[in-house]
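Everything below belongs to start_38.txt, which stores compact mmCIF, C-alpha atoms and all ligand atoms.
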# COMPACT_ATOMS: atom_id res chain seq x y z
CA MET A 1 -70.23 64.60 -189.01
CA ILE A 2 -70.78 67.79 -191.02
CA GLU A 3 -73.13 70.64 -190.19
CA VAL A 4 -73.61 73.53 -192.56
CA SER A 5 -75.89 76.28 -191.30
CA GLY A 6 -76.83 79.52 -192.99
CA LEU A 7 -73.80 79.36 -195.28
CA PHE A 8 -73.40 82.51 -197.33
CA LYS A 9 -70.53 83.35 -199.66
CA ARG A 10 -70.12 86.10 -202.19
CA TYR A 11 -67.32 86.69 -204.70
CA GLY A 12 -67.50 90.38 -205.55
CA PRO A 13 -70.96 90.90 -207.00
CA VAL A 14 -71.66 87.14 -207.31
CA GLU A 15 -73.60 85.54 -204.49
CA ALA A 16 -72.22 82.03 -204.94
CA VAL A 17 -73.98 80.54 -201.90
CA ARG A 18 -77.08 82.13 -200.43
CA GLY A 19 -78.03 80.41 -197.21
CA ILE A 20 -77.37 76.68 -197.41
CA ASP A 21 -78.26 74.42 -194.49
CA LEU A 22 -77.47 70.75 -194.48
CA SER A 23 -76.06 68.01 -192.32
CA VAL A 24 -74.16 64.89 -193.25
CA HIS A 25 -74.20 61.90 -190.91
CA ALA A 26 -71.11 59.89 -190.05
CA GLY A 27 -70.62 57.05 -192.52
CA GLU A 28 -73.04 58.53 -195.00
CA CYS A 29 -72.48 59.13 -198.69
CA PHE A 30 -74.07 62.49 -199.38
CA GLY A 31 -74.47 64.05 -202.83
CA LEU A 32 -74.56 67.65 -203.98
CA ILE A 33 -76.34 67.88 -207.29
CA GLY A 34 -76.94 70.97 -209.33
CA PRO A 35 -76.11 72.72 -212.59
CA ASN A 36 -72.81 74.47 -213.22
CA GLY A 37 -72.51 77.64 -211.18
CA ALA A 38 -74.98 76.43 -208.54
CA GLY A 39 -72.52 76.74 -205.66
CA LYS A 40 -71.44 73.11 -205.17
CA THR A 41 -67.70 73.77 -205.28
CA THR A 42 -68.02 76.73 -202.92
CA THR A 43 -69.99 74.59 -200.47
CA LEU A 44 -67.42 71.77 -200.61
CA LYS A 45 -64.54 74.22 -200.24
CA SER A 46 -66.13 75.71 -197.15
CA MET A 47 -66.20 72.20 -195.65
CA ALA A 48 -62.55 71.81 -196.65
CA THR A 49 -61.69 75.15 -194.93
CA LEU A 50 -60.59 76.55 -198.30
CA VAL A 51 -63.37 79.11 -198.45
CA LYS A 52 -64.21 81.35 -195.52
CA PRO A 53 -67.96 81.92 -195.32
CA ASP A 54 -69.24 85.50 -195.19
CA ARG A 55 -72.04 84.32 -192.93
CA GLY A 56 -73.07 81.04 -191.39
CA ARG A 57 -71.08 78.22 -189.94
CA VAL A 58 -69.59 74.91 -191.02
CA THR A 59 -68.52 72.28 -188.51
CA VAL A 60 -66.81 69.01 -189.29
CA ASP A 61 -66.54 66.37 -186.58
CA SER A 62 -67.68 69.07 -184.14
CA LEU A 63 -64.81 71.36 -185.17
CA ASP A 64 -65.49 74.84 -186.53
CA ALA A 65 -64.10 74.98 -190.07
CA ALA A 66 -63.30 78.68 -189.85
CA LEU A 67 -61.84 78.74 -186.33
CA GLU A 68 -60.14 75.35 -186.16
CA SER A 69 -59.11 74.90 -189.78
CA ARG A 70 -55.88 73.04 -188.98
CA LYS A 71 -57.73 70.35 -187.06
CA VAL A 72 -60.45 70.16 -189.70
CA ARG A 73 -57.84 69.60 -192.42
CA LYS A 74 -56.69 66.47 -190.63
CA VAL A 75 -60.25 65.16 -190.68
CA VAL A 76 -61.09 65.92 -194.31
CA GLY A 77 -59.60 64.91 -197.63
CA TYR A 78 -60.56 67.30 -200.41
CA MET A 79 -60.36 66.29 -204.05
CA PRO A 80 -60.68 69.34 -206.31
CA ASP A 81 -62.41 69.27 -209.66
CA ILE A 82 -59.18 69.96 -211.52
CA PHE A 83 -56.10 67.76 -211.41
CA GLN A 84 -52.84 69.63 -211.28
CA SER A 85 -49.36 68.17 -211.22
CA TYR A 86 -45.97 68.25 -212.80
CA GLY A 87 -46.36 65.82 -215.68
CA ASP A 88 -42.84 64.39 -215.56
CA LEU A 89 -43.27 62.92 -212.09
CA LYS A 90 -43.74 59.19 -211.59
CA VAL A 91 -46.92 58.09 -209.83
CA ILE A 92 -44.95 56.73 -206.89
CA HIS A 93 -42.97 59.97 -206.48
CA TYR A 94 -46.09 62.05 -206.81
CA LEU A 95 -47.68 60.20 -203.91
CA ASP A 96 -44.48 60.21 -201.87
CA TYR A 97 -44.24 63.96 -202.31
CA TYR A 98 -47.76 64.53 -201.00
CA ALA A 99 -47.24 62.01 -198.20
CA ALA A 100 -44.28 64.12 -197.08
CA LEU A 101 -46.44 67.25 -197.31
CA VAL A 102 -49.01 65.78 -194.93
CA GLY A 103 -46.17 65.13 -192.51
CA LEU A 104 -45.56 61.38 -192.76
CA GLU A 105 -42.07 60.17 -191.81
CA ARG A 106 -40.15 58.05 -194.28
CA ALA A 107 -41.18 54.58 -193.07
CA ALA A 108 -44.82 55.52 -192.60
CA ARG A 109 -44.74 57.25 -195.96
CA VAL A 110 -43.64 54.18 -197.88
CA ARG A 111 -46.24 52.07 -196.10
CA GLN A 112 -49.03 54.58 -196.65
CA VAL A 113 -48.20 55.15 -200.31
CA GLU A 114 -48.29 51.39 -200.91
CA GLU A 115 -51.58 51.15 -199.10
CA VAL A 116 -53.33 53.85 -201.11
CA LEU A 117 -51.84 52.53 -204.36
CA GLU A 118 -53.39 49.18 -203.61
CA LEU A 119 -56.67 50.72 -202.55
CA VAL A 120 -57.18 52.51 -205.85
CA ASP A 121 -55.64 49.62 -207.77
CA LEU A 122 -52.76 51.62 -209.24
CA GLN A 123 -49.78 49.40 -208.41
CA PRO A 124 -49.28 48.55 -212.09
CA LYS A 125 -48.91 52.27 -212.81
CA ARG A 126 -46.43 53.05 -210.03
CA ASP A 127 -43.59 53.94 -212.42
CA ALA A 128 -45.75 55.61 -215.06
CA LEU A 129 -45.41 59.35 -215.58
CA VAL A 130 -48.33 61.31 -214.21
CA GLY A 131 -48.58 63.46 -217.33
CA GLY A 132 -49.27 60.47 -219.57
CA LEU A 133 -52.11 58.97 -217.55
CA SER A 134 -55.65 58.81 -218.87
CA ARG A 135 -58.18 61.00 -217.14
CA GLY A 136 -59.74 58.05 -215.33
CA VAL A 137 -56.38 56.95 -213.92
CA LYS A 138 -55.55 60.53 -212.97
CA GLN A 139 -58.78 60.74 -211.01
CA ARG A 140 -57.89 57.54 -209.15
CA LEU A 141 -54.44 58.93 -208.42
CA CYS A 142 -55.98 62.14 -207.15
CA LEU A 143 -58.26 60.09 -204.91
CA ALA A 144 -55.23 58.16 -203.65
CA LYS A 145 -53.54 61.45 -202.78
CA THR A 146 -56.66 62.53 -200.91
CA LEU A 147 -56.48 59.33 -198.83
CA LEU A 148 -52.84 59.68 -197.75
CA HIS A 149 -53.54 61.18 -194.34
CA ASP A 150 -56.39 58.70 -193.77
CA PRO A 151 -59.14 61.32 -193.39
CA LYS A 152 -62.52 60.38 -191.92
CA VAL A 153 -64.32 62.56 -194.42
CA LEU A 154 -63.85 62.68 -198.19
CA LEU A 155 -64.97 65.80 -200.05
CA LEU A 156 -65.00 64.96 -203.73
CA ASP A 157 -65.73 67.63 -206.31
CA GLU A 158 -67.12 66.08 -209.49
CA PRO A 159 -64.77 63.07 -209.40
CA ALA A 160 -66.57 61.39 -212.30
CA SER A 161 -66.77 64.37 -214.62
CA GLY A 162 -65.20 63.86 -218.02
CA LEU A 163 -64.72 60.13 -217.47
CA ASP A 164 -65.78 57.42 -219.88
CA PRO A 165 -68.48 55.02 -218.67
CA ARG A 166 -65.99 52.40 -217.55
CA ALA A 167 -63.89 54.81 -215.52
CA ARG A 168 -67.12 56.19 -214.03
CA ILE A 169 -68.08 52.74 -212.81
CA GLU A 170 -64.60 52.19 -211.39
CA ILE A 171 -64.78 55.40 -209.38
CA ARG A 172 -68.23 54.45 -208.15
CA LEU A 173 -67.04 51.02 -207.01
CA LEU A 174 -64.06 52.58 -205.30
CA LEU A 175 -66.25 54.98 -203.38
CA LYS A 176 -68.47 52.11 -202.29
CA VAL A 177 -65.44 50.30 -200.90
CA LEU A 178 -64.14 53.40 -199.13
CA ARG A 179 -67.44 53.82 -197.47
CA ALA A 180 -68.39 50.24 -196.66
CA GLU A 181 -65.00 48.84 -195.74
CA MET A 182 -63.21 51.90 -194.44
CA GLY A 183 -66.16 53.71 -192.91
CA LYS A 184 -65.47 56.99 -194.67
CA THR A 185 -68.05 59.74 -194.72
CA ILE A 186 -68.29 60.97 -198.29
CA VAL A 187 -69.64 64.18 -199.77
CA ILE A 188 -69.60 64.10 -203.56
CA SER A 189 -70.79 66.62 -206.11
CA SER A 190 -71.95 66.14 -209.66
CA HIS A 191 -74.20 67.75 -212.20
CA ILE A 192 -75.20 64.27 -213.36
CA LEU A 193 -77.79 62.60 -211.18
CA GLU A 194 -76.88 59.09 -212.32
CA ASP A 195 -73.41 59.50 -210.87
CA LEU A 196 -74.89 60.02 -207.44
CA GLU A 197 -78.06 57.99 -207.44
CA GLU A 198 -76.46 54.61 -206.96
CA ILE A 199 -73.97 55.50 -204.24
CA CYS A 200 -75.58 58.30 -202.25
CA ASP A 201 -77.88 57.78 -199.30
CA ARG A 202 -79.15 61.31 -199.66
CA VAL A 203 -78.64 64.20 -202.01
CA ALA A 204 -79.10 67.94 -201.78
CA VAL A 205 -80.25 69.66 -204.93
CA ILE A 206 -78.41 72.97 -205.13
CA GLU A 207 -79.49 75.73 -207.42
CA ALA A 208 -78.41 79.36 -207.63
CA GLY A 209 -76.70 79.13 -204.25
CA GLN A 210 -79.62 77.60 -202.43
CA CYS A 211 -80.68 74.13 -201.44
CA VAL A 212 -83.98 73.51 -203.21
CA ALA A 213 -84.53 69.93 -202.04
CA ILE A 214 -82.85 67.43 -199.80
CA GLY A 215 -83.51 63.76 -199.18
CA ARG A 216 -83.19 60.25 -200.51
CA VAL A 217 -83.13 60.12 -204.29
CA ALA A 218 -86.17 57.83 -204.32
CA ASP A 219 -88.14 60.25 -202.12
CA LEU A 220 -87.15 63.20 -204.26
CA LYS A 221 -88.35 61.32 -207.29
CA ASP A 222 -91.72 60.70 -205.62
CA GLN A 223 -91.90 64.33 -204.61
CA ALA A 224 -91.17 65.47 -208.15
CA ARG A 225 -93.45 62.92 -209.74
CA ARG A 226 -96.06 64.80 -211.60
CA GLN A 227 -99.27 63.27 -212.73
CA VAL A 228 -98.95 59.56 -213.43
CA ARG A 229 -98.57 58.64 -217.06
CA TYR A 230 -98.81 55.33 -218.84
CA VAL A 231 -96.91 54.06 -221.79
CA LEU A 232 -98.39 51.66 -224.29
CA GLU A 233 -96.59 49.80 -227.04
CA PRO A 234 -99.26 48.73 -229.57
CA TYR A 235 -98.98 46.29 -232.46
CA ALA A 236 -101.00 48.66 -234.65
CA PRO A 237 -99.42 51.92 -235.87
CA PRO A 238 -99.01 54.17 -232.79
CA ALA A 239 -100.56 57.20 -234.51
CA GLU A 240 -103.81 55.25 -235.15
CA VAL A 241 -103.95 54.05 -231.57
CA ALA A 242 -103.27 57.56 -230.31
CA THR A 243 -106.22 58.91 -232.32
CA GLN A 244 -108.44 56.15 -230.97
CA LEU A 245 -107.42 56.79 -227.37
CA GLY A 246 -107.50 60.55 -227.73
CA ALA A 247 -111.25 60.28 -228.30
CA GLU A 248 -111.74 58.62 -224.91
CA VAL A 249 -112.16 61.96 -223.15
CA ALA A 250 -113.68 60.46 -220.00
CA LEU A 251 -110.53 58.52 -219.25
CA VAL A 252 -107.78 60.16 -221.25
CA GLU A 253 -106.53 63.70 -220.88
CA SER A 254 -103.95 63.58 -223.66
CA VAL A 255 -101.88 61.22 -225.77
CA GLU A 256 -98.48 61.58 -227.30
CA VAL A 257 -96.70 59.37 -229.84
CA ASP A 258 -93.03 58.67 -229.38
CA GLY A 259 -91.62 56.13 -231.82
CA ARG A 260 -93.28 52.77 -231.12
CA PHE A 261 -94.86 54.08 -227.95
CA VAL A 262 -98.00 55.96 -227.04
CA HIS A 263 -97.84 57.97 -223.83
CA ILE A 264 -101.15 58.40 -222.08
CA THR A 265 -101.95 61.05 -219.51
CA PRO A 266 -105.15 60.03 -217.72
CA SER A 267 -107.91 62.57 -217.07
CA ALA A 268 -107.59 64.43 -213.79
CA GLY A 269 -109.34 62.60 -210.97
CA THR A 270 -109.88 59.45 -212.99
CA ASP A 271 -106.52 57.83 -212.56
CA ASP A 272 -107.82 54.31 -212.57
CA GLU A 273 -105.29 52.07 -214.22
CA GLN A 274 -107.68 49.11 -214.31
CA ALA A 275 -110.45 51.09 -215.98
CA LEU A 276 -108.06 52.49 -218.55
CA LEU A 277 -106.59 49.11 -219.34
CA ARG A 278 -110.06 47.55 -219.62
CA ARG A 279 -111.14 50.29 -222.03
CA ILE A 280 -108.03 49.78 -224.15
CA LEU A 281 -108.79 46.07 -224.38
CA ASP A 282 -112.46 46.79 -225.15
CA LEU A 283 -111.37 48.99 -228.02
CA GLY A 284 -109.56 45.97 -229.41
CA ILE A 285 -106.13 47.52 -229.11
CA ARG A 286 -103.53 44.78 -228.92
CA MET A 287 -100.23 45.61 -227.30
CA ARG A 288 -96.76 44.38 -226.57
CA SER A 289 -96.58 46.25 -223.31
CA PHE A 290 -98.43 48.58 -221.01
CA SER A 291 -96.91 50.15 -217.95
CA GLU A 292 -96.88 53.08 -215.62
CA GLU A 293 -94.22 55.52 -216.66
CA ALA A 294 -91.42 55.90 -214.16
CA PRO A 295 -90.27 59.49 -213.92
CA ASP A 296 -87.01 59.96 -215.74
CA LEU A 297 -84.10 61.13 -213.63
CA HIS A 298 -83.57 64.09 -215.87
CA GLU A 299 -87.21 65.08 -215.54
CA VAL A 300 -86.90 64.90 -211.77
CA PHE A 301 -83.83 67.04 -211.87
CA LEU A 302 -85.46 69.59 -214.16
CA GLU A 303 -88.54 69.55 -211.95
CA LEU A 304 -86.50 70.27 -208.84
CA THR A 305 -84.30 72.90 -210.42
CA SER A 306 -85.83 75.42 -212.74
CA GLY A 307 -82.56 75.57 -214.64
CA GLN A 308 -81.42 79.03 -213.65
CA VAL A 309 -77.99 79.66 -212.18
CA SER A 310 -76.75 82.48 -210.02
N1 LIG A 401 -63.13 82.59 -206.98
C1 LIG A 401 -64.24 83.07 -207.55
N2 LIG A 401 -64.33 84.35 -207.96
C2 LIG A 401 -65.48 84.82 -208.51
N3 LIG A 401 -66.58 84.10 -208.71
C3 LIG A 401 -66.56 82.82 -208.34
C4 LIG A 401 -65.38 82.22 -207.74
N4 LIG A 401 -65.67 80.93 -207.48
C5 LIG A 401 -66.93 80.72 -207.89
N5 LIG A 401 -67.47 81.85 -208.39
C6 LIG A 401 -68.85 82.00 -208.91
O1 LIG A 401 -69.72 81.55 -207.90
C7 LIG A 401 -70.81 80.82 -208.45
C8 LIG A 401 -70.83 79.42 -207.84
O2 LIG A 401 -69.66 78.71 -208.25
P1 LIG A 401 -69.30 77.26 -207.78
O3 LIG A 401 -69.38 77.16 -206.30
O4 LIG A 401 -68.01 76.92 -208.42
O5 LIG A 401 -70.51 76.41 -208.42
P2 LIG A 401 -70.55 74.91 -208.98
O6 LIG A 401 -69.43 74.15 -208.36
O7 LIG A 401 -71.90 74.41 -208.58
O8 LIG A 401 -70.42 75.01 -210.47
C9 LIG A 401 -70.59 80.82 -209.95
O9 LIG A 401 -71.36 81.86 -210.50
C10 LIG A 401 -69.11 81.11 -210.09
O10 LIG A 401 -68.84 81.76 -211.30
MG MG A 402 -67.93 73.09 -209.26

As structure tokens, how would this structure be written, given the file I've shared?
Amino acid sequence: MIEVSGLFKRYGPVEAVRGIDLSVHAGECFGLIGPNGAGKTTTLKSMATLVKPDRGRVTVDSLDAALESRKVRKVVGYMPDIFQSYGDLKVIHYLDYYAALVGLERAARVRQVEEVLELVDLQPKRDALVGGLSRGVKQRLCLAKTLLHDPKVLLLDEPASGLDPRARIEIRLLLKVLRAEMGKTIVISSHILEDLEEICDRVAVIEAGQCVAIGRVADLKDQARRQVRYVLEPYAPPAEVATQLGAEVALVESVEVDGRFVHITPSAGTDDEQALLRRILDLGIRMRSFSEEAPDLHEVFLELTSGQVS
């Protein structure tokens, strides 16, 4: 549905995007993850025909975004990262206004506005003033606006940013519905991996204008997984247990105390969970729990991006 190849974009001296290649399949939910300034917005805008690449090519539904921008705009709905509107407009008038802008005639407009209002569950707010809405409701309204011309592709720039946990979940559910029931292809950006992990089939990790990794979140986690670690929750004081285990140089590379827990890094080449566990039991260490440590999403992210921006 979307092909980005060799995308390059500079703003004056800033190379915002430096050679990004990626493709998004029809019906897929695809995430762009990366720190601020990485080039996510520029990449999304190039898909939305709002940024003209210096080099490279973007096609959407087999249409060239630079050469056939009018046609591409019918296919995509772009939701920017900032919400702008006249505050003293009612929700219903706001949507009607944009429905007119996308060229809907009166009858179709009323129908379509009702449809999107229902979709994002905003009927109760139809007569509320836009300026007084909470950020979460504004984001849903903005999404509704994006849906007015029934685009196949949704390009959503940080739709969950600045939302409270509940509003975040609502947006996530909404995107699931749009994808599963309406067959939309979705590209969504965020600098928070948790926002994307649950809804995206695949993500591209963008850093300093380049794509440093691309794939399923689970595969990226495996890829980024460093040496296996174990975490032990002893009954005895963790510091004592750490000292005890630290002496087991044949099996244990290092130990680290963190609150009630002792983190164990096994010696290189001797990652034998059974042997380690047996030794712990032989030492008479009693424990509430013992498990392999799953890599933390933030660690994965930090592993994949060295933290520098362009
Ligand atoms: N219109 C612009 N003029 C100048 N610099 C820009 C403009 N838009 C973006 N940039 C710069 O390009 C880089 C990438 O920005 P952006 O694509 O917005 O990244 P992200 O969305 O990942 O935060 C940043 O360094 C940003 O400051
Ligand atoms: Mg951005």

Figure out the distance between CA of Ala167 in chain A and atom C4 of ligand LIG 401 (chain A), please, to one decimal in Å.
28.5 Å

Would you list the residues that come within 10 Å of ligand MG 402 (chain A)? Count only C-alpha atoms and all ligand atoms and give the answer as a list in words.
Gly34, Pro35, Asn36, Gly37, Ala38, Gly39, Lys40, Thr41, Thr42, Thr43, Leu44, Lys45, Pro80, Asp81, Ile82, Asp157, Glu158, Ser189, Ser190 and His191 of chain A

Nearby residues (only C-alpha atoms) at most 9 Å from Arg172 in chain A, same-chain spacing under 4 positions excluded, as a PyMOL selection string:
chain A and resi 160+167-168+176-177+195-196+198-199

With C-alpha atoms retained, could you export that selection as an mmCIF file, keeping the file's coordinate frame?
data_model
loop_
_atom_site.group_PDB
_atom_site.id
_atom_site.type_symbol
_atom_site.label_atom_id
_atom_site.label_comp_id
_atom_site.auth_asym_id
_atom_site.auth_seq_id
_atom_site.Cartn_x
_atom_site.Cartn_y
_atom_site.Cartn_z
ATOM 1 C CA ALA A 160 -66.570 61.390 -212.300
ATOM 2 C CA ALA A 167 -63.890 54.810 -215.520
ATOM 3 C CA ARG A 168 -67.120 56.190 -214.030
ATOM 4 C CA LYS A 176 -68.470 52.110 -202.290
ATOM 5 C CA VAL A 177 -65.440 50.300 -200.900
ATOM 6 C CA ASP A 195 -73.410 59.500 -210.870
ATOM 7 C CA LEU A 196 -74.890 60.020 -207.440
ATOM 8 C CA GLU A 198 -76.460 54.610 -206.960
ATOM 9 C CA ILE A 199 -73.970 55.500 -204.240
#

Listed atoms of ligand LIG 401 (chain A) boxed axis-aligned with 3 Å per side, centre + edges as lines of an AutoDock Vina configuration file:
center_x = -67.5
center_y = 79.5
center_z = -208.8
size_x = 14.8
size_y = 16.7
size_z = 11.0

Considering all atoms listed in the file, return as number ranges by chain whatever protein or nucleic-acid residues lie within 12 Å of range 271-279 of chain A, sequence-local ones (same chain, fewer than 4 positions apart) excluded.
A: 227-232, 244-245, 247-253, 264-267, 283-287, 289-293

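You will find CA of Val116 in chain A at 6.7 Å from CA of Leu147 in chain A.
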
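Atom pair CA of Val102 in chain A / atom C6 of ligand LIG 401 (chain A) has a distance of 29.2 Å (rounded to one decimal).
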
At a cut-off of 7 Å around the point (-72.6, 64.6, -192.8) (file coordinates), what residues fall inside when counting all atoms listed in the file? I'd like the answer as number ranges by chain.
A: 1-3, 23-26, 28, 185

Deliver the residues from the most recent selection as a file, using C-alpha atoms, as an mmCIF file, in the frame of the given file.
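Result file is selection14.cif:
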data_model
loop_
_atom_site.group_PDB
_atom_site.id
_atom_site.type_symbol
_atom_site.label_atom_id
_atom_site.label_comp_id
_atom_site.auth_asym_id
_atom_site.auth_seq_id
_atom_site.Cartn_x
_atom_site.Cartn_y
_atom_site.Cartn_z
ATOM 1 C CA MET A 1 -70.230 64.600 -189.010
ATOM 2 C CA ILE A 2 -70.780 67.790 -191.020
ATOM 3 C CA GLU A 3 -73.130 70.640 -190.190
ATOM 4 C CA SER A 23 -76.060 68.010 -192.320
ATOM 5 C CA VAL A 24 -74.160 64.890 -193.250
ATOM 6 C CA HIS A 25 -74.200 61.900 -190.910
ATOM 7 C CA ALA A 26 -71.110 59.890 -190.050
ATOM 8 C CA GLU A 28 -73.040 58.530 -195.000
ATOM 9 C CA THR A 185 -68.050 59.740 -194.720
#

Nearest-residue call for Val130 in chain A, choices A:Asp219, A:Glu181, A:Asp88, A:Asp150, using only C-alpha atoms
A:Asp88

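If you count all atoms listed in the file and ignore residues fewer than 2 places along the chain from Gly77 in chain A, what sits within 10 Å of it is Ala48, Val72, Arg73, Lys74, Val75, Met79, Pro80, Leu143, Lys145, Thr146, Leu147, Leu148, His149, Asp150, Pro151, Lys152, Val153, Leu154, Leu155, Leu156 and Ile186 of chain A.
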
I need the chosen residues saved as an mmCIF file, in the frame of the given file, with C-alpha atoms.
data_model
loop_
_atom_site.group_PDB
_atom_site.id
_atom_site.type_symbol
_atom_site.label_atom_id
_atom_site.label_comp_id
_atom_site.auth_asym_id
_atom_site.auth_seq_id
_atom_site.Cartn_x
_atom_site.Cartn_y
_atom_site.Cartn_z
ATOM 1 C CA ALA A 48 -62.550 71.810 -196.650
ATOM 2 C CA VAL A 72 -60.450 70.160 -189.700
ATOM 3 C CA ARG A 73 -57.840 69.600 -192.420
ATOM 4 C CA LYS A 74 -56.690 66.470 -190.630
ATOM 5 C CA VAL A 75 -60.250 65.160 -190.680
ATOM 6 C CA MET A 79 -60.360 66.290 -204.050
ATOM 7 C CA PRO A 80 -60.680 69.340 -206.310
ATOM 8 C CA LEU A 143 -58.260 60.090 -204.910
ATOM 9 C CA LYS A 145 -53.540 61.450 -202.780
ATOM 10 C CA THR A 146 -56.660 62.530 -200.910
ATOM 11 C CA LEU A 147 -56.480 59.330 -198.830
ATOM 12 C CA LEU A 148 -52.840 59.680 -197.750
ATOM 13 C CA HIS A 149 -53.540 61.180 -194.340
ATOM 14 C CA ASP A 150 -56.390 58.700 -193.770
ATOM 15 C CA PRO A 151 -59.140 61.320 -193.390
ATOM 16 C CA LYS A 152 -62.520 60.380 -191.920
ATOM 17 C CA VAL A 153 -64.320 62.560 -194.420
ATOM 18 C CA LEU A 154 -63.850 62.680 -198.190
ATOM 19 C CA LEU A 155 -64.970 65.800 -200.050
ATOM 20 C CA LEU A 156 -65.000 64.960 -203.730
ATOM 21 C CA ILE A 186 -68.290 60.970 -198.290
#

May I ask which of the residues A:Pro234, A:Leu63, A:Ile192, A:Cys200 is the closest one to ligand LIG 401 (chain A), counting all atoms listed in the file?
A:Ile192

Contacts of Gly259 in chain A within 10 Å, only C-alpha atoms, excl. fewer than 4 positions in-chain, as an NGL selection string
:A and (233 or 237-239)

Same residues, C-alpha atoms, saved as a JSON list (two decimals), in the coordinates of the input:
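What landed in selection23.json:
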[["chain", "number", "residue", "atom", "x", "y", "z"],
["A", 233, "GLU", "CA", -96.59, 49.80, -227.04],
["A", 237, "PRO", "CA", -99.42, 51.92, -235.87],
["A", 238, "PRO", "CA", -99.01, 54.17, -232.79],
["A", 239, "ALA", "CA", -100.56, 57.20, -234.51]]

Let me make sure I understand: among A:Val14, A:Leu175, A:Leu67, A:Leu22, which one has the smallest atom-to-atom distance to ligand LIG 401 (chain A) if we use only C-alpha atoms and all ligand atoms?
A:Val14
